[in-house]
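Q: What follows is the file model.txt, containing compact mmCIF, C-alpha atoms:
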# COMPACT_ATOMS: atom_id res chain seq x y z
CA MET A 1 -89.68 -57.27 -123.02
CA ASN A 2 -93.14 -56.75 -124.39
CA ASN A 3 -96.46 -56.96 -122.62
CA TYR A 4 -97.76 -60.00 -124.48
CA GLY A 5 -95.96 -62.51 -122.22
CA PRO A 6 -93.19 -65.06 -122.86
CA GLY A 7 -95.31 -67.09 -125.27
CA PHE A 8 -95.09 -64.26 -127.80
CA ASP A 9 -91.27 -64.30 -127.77
CA THR A 10 -91.27 -68.00 -128.51
CA LEU A 11 -93.66 -67.36 -131.36
CA ILE A 12 -91.37 -64.66 -132.76
CA GLY A 13 -88.46 -67.10 -132.54
CA PHE A 14 -90.42 -69.75 -134.42
CA ALA A 15 -91.44 -67.22 -137.03
CA TRP A 16 -87.78 -66.31 -137.59
CA VAL A 17 -86.71 -69.91 -138.09
CA LEU A 18 -89.65 -70.53 -140.36
CA ALA A 19 -88.82 -67.44 -142.42
CA LEU A 20 -85.17 -68.49 -142.73
CA LEU A 21 -86.24 -71.99 -143.72
CA LEU A 22 -88.52 -70.63 -146.43
CA VAL A 23 -85.84 -68.26 -147.72
CA GLY A 24 -83.31 -71.10 -147.67
CA LEU A 25 -85.69 -73.44 -149.44
CA GLY A 26 -86.63 -70.94 -152.13
CA ALA A 27 -83.30 -69.25 -152.76
CA GLY A 28 -81.33 -72.48 -152.27
CA LYS A 29 -83.43 -74.37 -154.83
CA ILE A 30 -83.08 -71.56 -157.38
CA THR A 31 -79.32 -71.23 -156.88
CA GLU A 32 -78.82 -74.97 -157.08
CA ARG A 33 -80.92 -75.38 -160.22
CA ARG A 34 -79.12 -72.49 -161.91
CA HIS A 35 -75.74 -73.88 -160.94
CA LEU A 36 -76.56 -77.37 -162.22
CA ARG A 37 -77.83 -75.96 -165.49
CA ARG A 38 -74.69 -73.85 -165.95
CA LEU A 39 -72.47 -76.84 -165.09
CA ALA A 40 -74.22 -79.03 -167.67
CA ARG A 41 -73.93 -76.34 -170.32
CA GLU A 42 -70.26 -75.57 -169.71
CA GLU A 43 -69.28 -79.21 -169.34
CA GLU A 44 -70.77 -79.88 -172.74
CA SER A 45 -68.92 -77.06 -174.45
CA LEU A 46 -65.62 -77.33 -172.56
CA LEU A 47 -65.12 -81.01 -171.86
CA SER A 48 -66.00 -82.26 -175.35
CA GLY A 49 -62.80 -83.07 -177.17
CA MET A 50 -60.84 -82.82 -173.94
CA LEU A 51 -59.26 -85.86 -172.34
CA ILE A 52 -59.27 -85.82 -168.56
CA THR A 53 -57.80 -88.80 -166.71
CA ASP A 54 -56.13 -89.59 -163.43
CA LEU A 55 -53.58 -91.83 -165.15
CA ARG A 56 -50.02 -90.96 -164.30
CA GLN A 57 -48.72 -91.45 -167.83
CA PHE A 58 -49.58 -89.18 -170.72
CA PRO A 59 -52.12 -91.16 -172.77
CA MET A 60 -51.99 -90.32 -176.49
CA CYS A 61 -49.37 -87.67 -175.94
CA ALA A 62 -48.23 -85.81 -179.04
CA GLU A 63 -44.89 -87.08 -180.39
CA GLY A 64 -42.17 -84.74 -181.46
CA SER A 65 -39.77 -82.48 -179.75
CA THR A 66 -40.73 -80.96 -176.44
CA THR A 67 -39.46 -77.51 -175.66
CA GLU A 68 -39.92 -75.25 -172.67
CA ALA A 69 -42.61 -73.45 -174.62
CA ASN A 70 -44.86 -76.41 -175.41
CA ALA A 71 -44.08 -78.53 -172.34
CA PRO A 72 -46.87 -79.86 -170.11
CA SER A 73 -47.98 -77.59 -167.34
CA LEU A 74 -49.67 -77.77 -163.96
CA VAL A 75 -53.31 -76.63 -163.99
CA SER A 76 -55.71 -76.33 -161.10
CA GLY A 77 -59.21 -75.30 -160.12
CA GLU A 78 -60.97 -74.50 -156.86
CA ALA A 79 -64.57 -74.19 -155.78
CA VAL A 80 -66.30 -73.46 -152.49
CA VAL A 81 -70.06 -73.99 -152.46
CA SER A 82 -72.14 -73.06 -149.45
CA SER A 83 -75.07 -74.92 -148.01
CA ASP A 84 -78.34 -73.05 -147.49
CA TYR A 85 -80.40 -72.82 -144.31
CA PHE A 86 -82.87 -75.45 -145.49
CA LYS A 87 -80.20 -78.00 -146.45
CA THR A 88 -78.42 -77.46 -143.14
CA PHE A 89 -81.73 -77.95 -141.31
CA LEU A 90 -82.47 -81.15 -143.24
CA ALA A 91 -79.00 -82.47 -142.46
CA THR A 92 -79.41 -81.68 -138.76
CA LEU A 93 -82.71 -83.59 -138.70
CA LYS A 94 -81.28 -86.53 -140.66
CA LYS A 95 -78.38 -86.79 -138.24
CA ILE A 96 -80.83 -87.85 -135.52
CA ILE A 97 -81.78 -91.03 -137.35
CA GLY A 98 -78.57 -91.29 -139.38
CA GLY A 99 -78.16 -92.44 -142.98
CA GLU A 100 -77.47 -90.67 -146.21
CA LEU A 101 -77.38 -86.86 -146.17
CA ARG A 102 -78.53 -86.32 -149.74
CA SER A 103 -78.71 -82.54 -149.50
CA ILE A 104 -75.01 -82.39 -148.63
CA GLU A 105 -74.10 -84.97 -151.27
CA THR A 106 -75.35 -82.76 -154.07
CA LEU A 107 -73.38 -79.89 -152.54
CA MET A 108 -70.14 -81.88 -152.73
CA SER A 109 -70.75 -83.01 -156.30
CA ARG A 110 -71.51 -79.46 -157.43
CA ALA A 111 -68.26 -78.20 -155.93
CA ARG A 112 -66.32 -81.06 -157.47
CA ARG A 113 -67.75 -80.54 -160.96
CA GLU A 114 -67.09 -76.81 -160.71
CA ALA A 115 -63.46 -77.32 -159.64
CA VAL A 116 -62.77 -79.79 -162.48
CA LEU A 117 -64.44 -77.42 -164.92
CA ARG A 118 -62.23 -74.52 -163.82
CA MET A 119 -59.15 -76.69 -164.16
CA ALA A 120 -60.25 -77.68 -167.68
CA ARG A 121 -60.91 -74.04 -168.53
CA GLN A 122 -57.38 -73.08 -167.47
CA ALA A 123 -55.92 -75.90 -169.59
CA ARG A 124 -58.01 -74.85 -172.58
CA SER A 125 -56.99 -71.22 -172.30
CA LEU A 126 -53.32 -72.24 -172.26
CA GLY A 127 -53.84 -74.21 -175.47
CA TYR A 128 -53.88 -77.76 -174.08
CA ASP A 129 -56.48 -80.42 -174.87
CA ALA A 130 -55.74 -83.14 -172.31
CA ILE A 131 -55.15 -83.38 -168.57
CA CYS A 132 -53.60 -86.37 -166.85
CA ASN A 133 -52.82 -87.28 -163.25
CA VAL A 134 -55.86 -85.41 -161.97
CA ARG A 135 -56.04 -85.15 -158.20
CA ILE A 136 -59.17 -84.04 -156.39
CA GLU A 137 -59.12 -83.24 -152.71
CA SER A 138 -61.03 -81.18 -150.25
CA THR A 139 -60.08 -78.96 -147.37
CA ASP A 140 -61.71 -77.27 -144.40
CA ILE A 141 -61.93 -73.49 -144.48
CA ALA A 142 -64.83 -73.43 -142.04
CA GLY A 143 -62.47 -74.70 -139.36
CA SER A 144 -64.80 -77.40 -138.05
CA THR A 145 -61.97 -79.89 -137.62
CA VAL A 146 -59.93 -77.46 -135.57
CA ASN A 147 -62.72 -76.38 -133.30
CA PRO A 148 -65.55 -78.95 -133.23
CA GLN A 149 -67.43 -77.01 -130.54
CA GLN A 150 -67.86 -74.03 -132.80
CA LYS A 151 -71.00 -74.00 -134.93
CA ALA A 152 -69.27 -74.06 -138.30
CA LEU A 153 -70.76 -73.11 -141.64
CA ILE A 154 -71.48 -76.04 -143.93
CA MET A 155 -69.60 -75.69 -147.19
CA ALA A 156 -68.08 -77.95 -149.80
CA THR A 157 -64.46 -77.00 -150.52
CA VAL A 158 -62.84 -78.80 -153.43
CA LEU A 159 -59.42 -78.49 -155.05
CA ALA A 160 -58.53 -80.13 -158.36
CA SER A 161 -55.14 -80.24 -160.02
CA GLY A 162 -53.52 -82.05 -162.92
CA THR A 163 -50.96 -81.86 -165.68
CA ALA A 164 -52.16 -80.40 -168.97
CA TYR A 165 -50.60 -81.51 -172.26
CA ARG A 166 -51.29 -81.78 -175.98
CA ARG A 167 -52.70 -84.89 -177.57
CA ALA A 168 -51.44 -86.45 -180.80
CA GLY A 169 -53.12 -85.27 -183.96
CA SER A 170 -54.81 -82.35 -182.30
CA SER A 171 -54.50 -78.79 -183.40
CA ALA A 172 -55.22 -77.17 -180.07
CA ARG A 173 -54.16 -73.57 -179.91
CA ALA A 174 -54.40 -71.02 -177.14
CA VAL A 175 -57.68 -69.16 -177.23
CA MET B 1 -40.06 -73.25 -165.72
CA ILE B 2 -41.82 -76.58 -166.29
CA VAL B 3 -44.07 -77.52 -163.38
CA VAL B 4 -45.97 -80.82 -163.57
CA ASN B 5 -47.48 -83.29 -161.12
CA THR B 6 -46.21 -86.28 -163.09
CA GLU B 7 -42.87 -87.98 -162.61
CA ILE B 8 -41.81 -87.56 -166.22
CA VAL B 9 -42.08 -84.94 -168.90
CA PRO B 10 -42.70 -86.62 -172.27
CA GLY B 11 -39.97 -85.85 -174.79
CA MET B 12 -37.61 -84.64 -172.11
CA ARG B 13 -34.87 -86.28 -170.13
CA VAL B 14 -33.98 -85.57 -166.54
CA ILE B 15 -30.27 -84.87 -166.41
CA GLU B 16 -29.95 -83.79 -162.80
CA LEU B 17 -32.09 -83.95 -159.66
CA LYS B 18 -31.86 -81.06 -157.23
CA GLY B 19 -34.00 -82.50 -154.45
CA LEU B 20 -37.19 -81.49 -152.71
CA VAL B 21 -38.48 -77.93 -153.03
CA GLN B 22 -41.48 -76.56 -151.22
CA GLY B 23 -43.59 -73.50 -150.65
CA ASN B 24 -46.30 -72.82 -148.12
CA THR B 25 -48.67 -70.03 -147.22
CA VAL B 26 -51.41 -69.36 -144.71
CA ARG B 27 -53.93 -66.80 -145.90
CA ALA B 28 -57.25 -65.34 -144.80
CA LYS B 29 -59.79 -62.92 -146.25
CA HIS B 30 -60.83 -59.78 -144.38
CA PHE B 31 -63.62 -60.35 -141.86
CA GLY B 32 -66.24 -58.72 -144.08
CA ARG B 33 -65.84 -61.72 -146.38
CA ASP B 34 -66.38 -64.06 -143.42
CA ILE B 35 -69.60 -62.26 -142.51
CA ALA B 36 -70.73 -62.46 -146.14
CA ALA B 37 -70.03 -66.20 -146.06
CA GLY B 38 -72.22 -66.49 -142.97
CA LEU B 39 -75.08 -64.75 -144.78
CA LYS B 40 -74.54 -66.86 -147.89
CA ASN B 41 -75.02 -69.90 -145.66
CA ILE B 42 -78.73 -68.99 -145.49
CA VAL B 43 -79.43 -68.76 -149.22
CA GLY B 44 -76.75 -71.11 -150.58
CA GLY B 45 -74.48 -70.68 -153.58
CA GLU B 46 -70.80 -70.24 -154.23
CA LEU B 47 -68.61 -68.55 -151.63
CA LYS B 48 -66.53 -66.54 -154.11
CA GLY B 49 -64.35 -65.05 -151.38
CA TYR B 50 -63.20 -68.45 -150.21
CA THR B 51 -62.68 -69.71 -153.76
CA GLU B 52 -60.46 -66.69 -154.35
CA LEU B 53 -58.67 -67.42 -151.10
CA LEU B 54 -57.79 -70.92 -152.31
CA THR B 55 -56.71 -69.71 -155.75
CA GLU B 56 -54.44 -67.05 -154.26
CA SER B 57 -53.00 -69.47 -151.70
CA ARG B 58 -52.26 -72.04 -154.35
CA ARG B 59 -50.60 -69.49 -156.62
CA GLN B 60 -48.46 -68.13 -153.81
CA ALA B 61 -47.37 -71.58 -152.60
CA VAL B 62 -46.43 -72.61 -156.15
CA GLU B 63 -44.55 -69.35 -156.71
CA ARG B 64 -42.52 -69.89 -153.56
CA MET B 65 -41.78 -73.45 -154.57
CA MET B 66 -40.68 -72.28 -158.04
CA ALA B 67 -38.47 -69.59 -156.53
CA GLN B 68 -36.72 -72.22 -154.47
CA ALA B 69 -36.23 -74.42 -157.52
CA GLN B 70 -34.84 -71.48 -159.45
CA GLN B 71 -32.36 -70.78 -156.69
CA LEU B 72 -31.11 -74.36 -156.96
CA GLY B 73 -30.57 -73.89 -160.68
CA ALA B 74 -33.39 -76.18 -161.76
CA ASN B 75 -35.59 -75.60 -164.80
CA ALA B 76 -38.40 -77.97 -163.80
CA VAL B 77 -40.35 -79.17 -160.79
CA LEU B 78 -41.66 -82.73 -161.07
CA ASN B 79 -44.28 -84.70 -159.15
CA VAL B 80 -45.79 -81.64 -157.47
CA ARG B 81 -48.20 -82.41 -154.64
CA PHE B 82 -50.54 -80.09 -152.79
CA SER B 83 -51.54 -80.46 -149.22
CA THR B 84 -53.87 -78.31 -147.17
CA SER B 85 -54.42 -78.04 -143.48
CA SER B 86 -57.03 -76.32 -141.44
CA VAL B 87 -55.60 -73.72 -139.12
CA THR B 88 -58.59 -71.74 -137.94
CA SER B 89 -61.97 -70.83 -139.39
CA GLY B 90 -61.74 -68.58 -142.44
CA ALA B 91 -58.09 -69.36 -143.13
CA ALA B 92 -56.32 -71.98 -145.19
CA GLU B 93 -52.81 -73.30 -145.29
CA MET B 94 -51.65 -74.39 -148.69
CA TYR B 95 -48.47 -76.38 -149.03
CA ALA B 96 -46.92 -77.28 -152.36
CA TYR B 97 -43.93 -79.55 -152.76
CA GLY B 98 -42.12 -81.31 -155.56
CA THR B 99 -38.78 -82.42 -156.89
CA ALA B 100 -36.60 -79.83 -158.58
CA ALA B 101 -34.80 -81.11 -161.64
CA VAL B 102 -32.82 -80.03 -164.66
CA VAL B 103 -34.43 -81.39 -167.82
CA GLN B 104 -33.49 -81.10 -171.47
CA PRO B 105 -35.17 -82.17 -174.74
CA GLU B 106 -34.40 -85.77 -175.67
CA ASP B 107 -33.19 -84.88 -179.14
CA ALA B 108 -30.80 -82.19 -177.92
If you convert what's in this file into structure tokens, what do you get?
A:
Amino acid sequence: MNNYGPGFDTLIGFAWVLALLLVGLGAGKITERRHLRRLAREEESLLSGMLITDLRQFPMCAEGSTTEANAPSLVSGEAVVSSDYFKTFLATLKKIIGGELRSIETLMSRARREAVLRMARQARSLGYDAICNVRIESTDIAGSTVNPQQKALIMATVLASGTAYRRAGSSARAV
Amino acid sequence: MIVVNTEIVPGMRVIELKGLVQGNTVRAKHFGRDIAAGLKNIVGGELKGYTELLTESRRQAVERMMAQAQQLGANAVLNVRFSTSSVTSGAAEMYAYGTAAVVQPEDA
């Protein structure tokens, strides 16, 4: 206890929250902008000339003999993106009146794009140029569904998987 | 071994089905990683530890599934599906399952 009275402690508490909010706002914005810029750049270089579908057939699959060596293969990608203090605060406020939680939406889409990108990168490095039967799902590492009482961290957890293969007329080689 | 999440492999014929094969794993990162994730929740960004956790879990589940298929004498696993469940905070269960099969090139 200090000798300034209980009002001072409350003030300190407020100052802490305010500081965390400012850090979250600043750092969160920078991280998000950097991430989005990197996603755009890598999507452009990696996804051009690559066919990604959730069709269960193999559209435009290369004809010819399939051997164990050039057979299609399972590829996958994962991404976990954390919320920042400011986003979490915004979401908590928005939950009072309800409606769209935009700050969390962008979080989910960033994680999803990252997971698909990693899957595509794996396919590319194995020498494939198409992925079919893509499945995208999410899971809960934070454990908020197991223990709702616990104050869980807000994070977007996305898993993507699909079957990579070679398209007709392409000359994709392992890089 | 050919592992795909489609029901067919183009250019190949299924000559024998060996039935369902599966692999599961429950993994966690050491608690330092959990604390780091808590701190990262202030500034935002990717939780690399948890991404790694998912990658490792997926690899291990698939490896176990493939080992089972191998034991049955299969050379392919078709229609692979992944399923996750939440066990406790900081841990993930990854479950992979599919149909083991013997395939051979159509022109053979």
Q: List the spatial neighbours of segment 64-78 of chain B as a list in words - criterion: any atom at most 6 Å away, all atoms listed in the file, same-chain residues fewer than 5 positions off excluded.
A: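 Those residues are Met1, Ile2, Val3, Val4, Asn5, Glu7, Val21, Gln22, Gly23, Gly98, Thr99, Ala100, Ala101 and Val102 of chain B.
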Q: Report, in Å with one decimal, the straight-line distance from atom CA of Ser89 of chain B to atom CA of Lys94 of chain A.
A: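 Result for atom CA of Ser89 of chain B versus atom CA of Lys94 of chain A: 24.9 Å, one decimal.
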Q: Compile the contact shell of Ser82 of chain A as a PyMOL selection string: residues with an atom at most 10 Å away, counting all atoms listed in the file, same-chain residues fewer than 2 positions apart removed.
A: (chain A and resi 28+79-80+84-85+87-88+104+107-108+111+153-157) or (chain B and resi 37-48)
Q: With all atoms listed in the file considered, list every residue of chain A at most 8 Å from chain B, as a PyMOL selection string.
A: chain A and resi 20+23-25+27-28+31-32+56-58+61+63-68+71-74+77-86+133+139-147+153-154+162-163
Q: Could you dump the residues just selected with C-alpha atoms as a PDB file, in the frame of the given file?
A:
ATOM      1  CA  LEU A  20     -85.170 -68.490-142.730  1.00  0.00           C
ATOM      2  CA  VAL A  23     -85.840 -68.260-147.720  1.00  0.00           C
ATOM      3  CA  GLY A  24     -83.310 -71.100-147.670  1.00  0.00           C
ATOM      4  CA  LEU A  25     -85.690 -73.440-149.440  1.00  0.00           C
ATOM      5  CA  ALA A  27     -83.300 -69.250-152.760  1.00  0.00           C
ATOM      6  CA  GLY A  28     -81.330 -72.480-152.270  1.00  0.00           C
ATOM      7  CA  THR A  31     -79.320 -71.230-156.880  1.00  0.00           C
ATOM      8  CA  GLU A  32     -78.820 -74.970-157.080  1.00  0.00           C
ATOM      9  CA  ARG A  56     -50.020 -90.960-164.300  1.00  0.00           C
ATOM     10  CA  GLN A  57     -48.720 -91.450-167.830  1.00  0.00           C
ATOM     11  CA  PHE A  58     -49.580 -89.180-170.720  1.00  0.00           C
ATOM     12  CA  CYS A  61     -49.370 -87.670-175.940  1.00  0.00           C
ATOM     13  CA  GLU A  63     -44.890 -87.080-180.390  1.00  0.00           C
ATOM     14  CA  GLY A  64     -42.170 -84.740-181.460  1.00  0.00           C
ATOM     15  CA  SER A  65     -39.770 -82.480-179.750  1.00  0.00           C
ATOM     16  CA  THR A  66     -40.730 -80.960-176.440  1.00  0.00           C
ATOM     17  CA  THR A  67     -39.460 -77.510-175.660  1.00  0.00           C
ATOM     18  CA  GLU A  68     -39.920 -75.250-172.670  1.00  0.00           C
ATOM     19  CA  ALA A  71     -44.080 -78.530-172.340  1.00  0.00           C
ATOM     20  CA  PRO A  72     -46.870 -79.860-170.110  1.00  0.00           C
ATOM     21  CA  SER A  73     -47.980 -77.590-167.340  1.00  0.00           C
ATOM     22  CA  LEU A  74     -49.670 -77.770-163.960  1.00  0.00           C
ATOM     23  CA  GLY A  77     -59.210 -75.300-160.120  1.00  0.00           C
ATOM     24  CA  GLU A  78     -60.970 -74.500-156.860  1.00  0.00           C
ATOM     25  CA  ALA A  79     -64.570 -74.190-155.780  1.00  0.00           C
ATOM     26  CA  VAL A  80     -66.300 -73.460-152.490  1.00  0.00           C
ATOM     27  CA  VAL A  81     -70.060 -73.990-152.460  1.00  0.00           C
ATOM     28  CA  SER A  82     -72.140 -73.060-149.450  1.00  0.00           C
ATOM     29  CA  SER A  83     -75.070 -74.920-148.010  1.00  0.00           C
ATOM     30  CA  ASP A  84     -78.340 -73.050-147.490  1.00  0.00           C
ATOM     31  CA  TYR A  85     -80.400 -72.820-144.310  1.00  0.00           C
ATOM     32  CA  PHE A  86     -82.870 -75.450-145.490  1.00  0.00           C
ATOM     33  CA  ASN A 133     -52.820 -87.280-163.250  1.00  0.00           C
ATOM     34  CA  THR A 139     -60.080 -78.960-147.370  1.00  0.00           C
ATOM     35  CA  ASP A 140     -61.710 -77.270-144.400  1.00  0.00           C
ATOM     36  CA  ILE A 141     -61.930 -73.490-144.480  1.00  0.00           C
ATOM     37  CA  ALA A 142     -64.830 -73.430-142.040  1.00  0.00           C
ATOM     38  CA  GLY A 143     -62.470 -74.700-139.360  1.00  0.00           C
ATOM     39  CA  SER A 144     -64.800 -77.400-138.050  1.00  0.00           C
ATOM     40  CA  THR A 145     -61.970 -79.890-137.620  1.00  0.00           C
ATOM     41  CA  VAL A 146     -59.930 -77.460-135.570  1.00  0.00           C
ATOM     42  CA  ASN A 147     -62.720 -76.380-133.300  1.00  0.00           C
ATOM     43  CA  LEU A 153     -70.760 -73.110-141.640  1.00  0.00           C
ATOM     44  CA  ILE A 154     -71.480 -76.040-143.930  1.00  0.00           C
ATOM     45  CA  GLY A 162     -53.520 -82.050-162.920  1.00  0.00           C
ATOM     46  CA  THR A 163     -50.960 -81.860-165.680  1.00  0.00           C
TER      47      THR A 163
END
Q: Leaving out Leu36 of chain A and any residue of its chain fewer than 6 positions from it, which residues lie within 12 Å of it when counting all atoms listed in the file, given as a ChimeraX atom specification?
A: /A:29-30,42-43,106-107,109-114 /B:45
Q: Provide the atom CA of Gly13 of chain A to atom CA of Thr92 of chain A distance in Å, to one decimal place.
A: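 Between these atoms lies a distance of 18.3 Å.
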Q: Write out as a ChimeraX atom specification the residues lying within 12 Å of segment 47-51 of chain A, counting only C-alpha atoms and excluding same-chain residues fewer than 3 positions away.
A: /A:39-44,54-55,58-61,113,116-124,127-134,162-168,170-172
Q: Figure out the distance between atom CA of Gly169 of chain A and atom CA of Ala62 of chain A, please, to one decimal in Å.
A: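 That distance, rounded to one decimal, is 7.0 Å.
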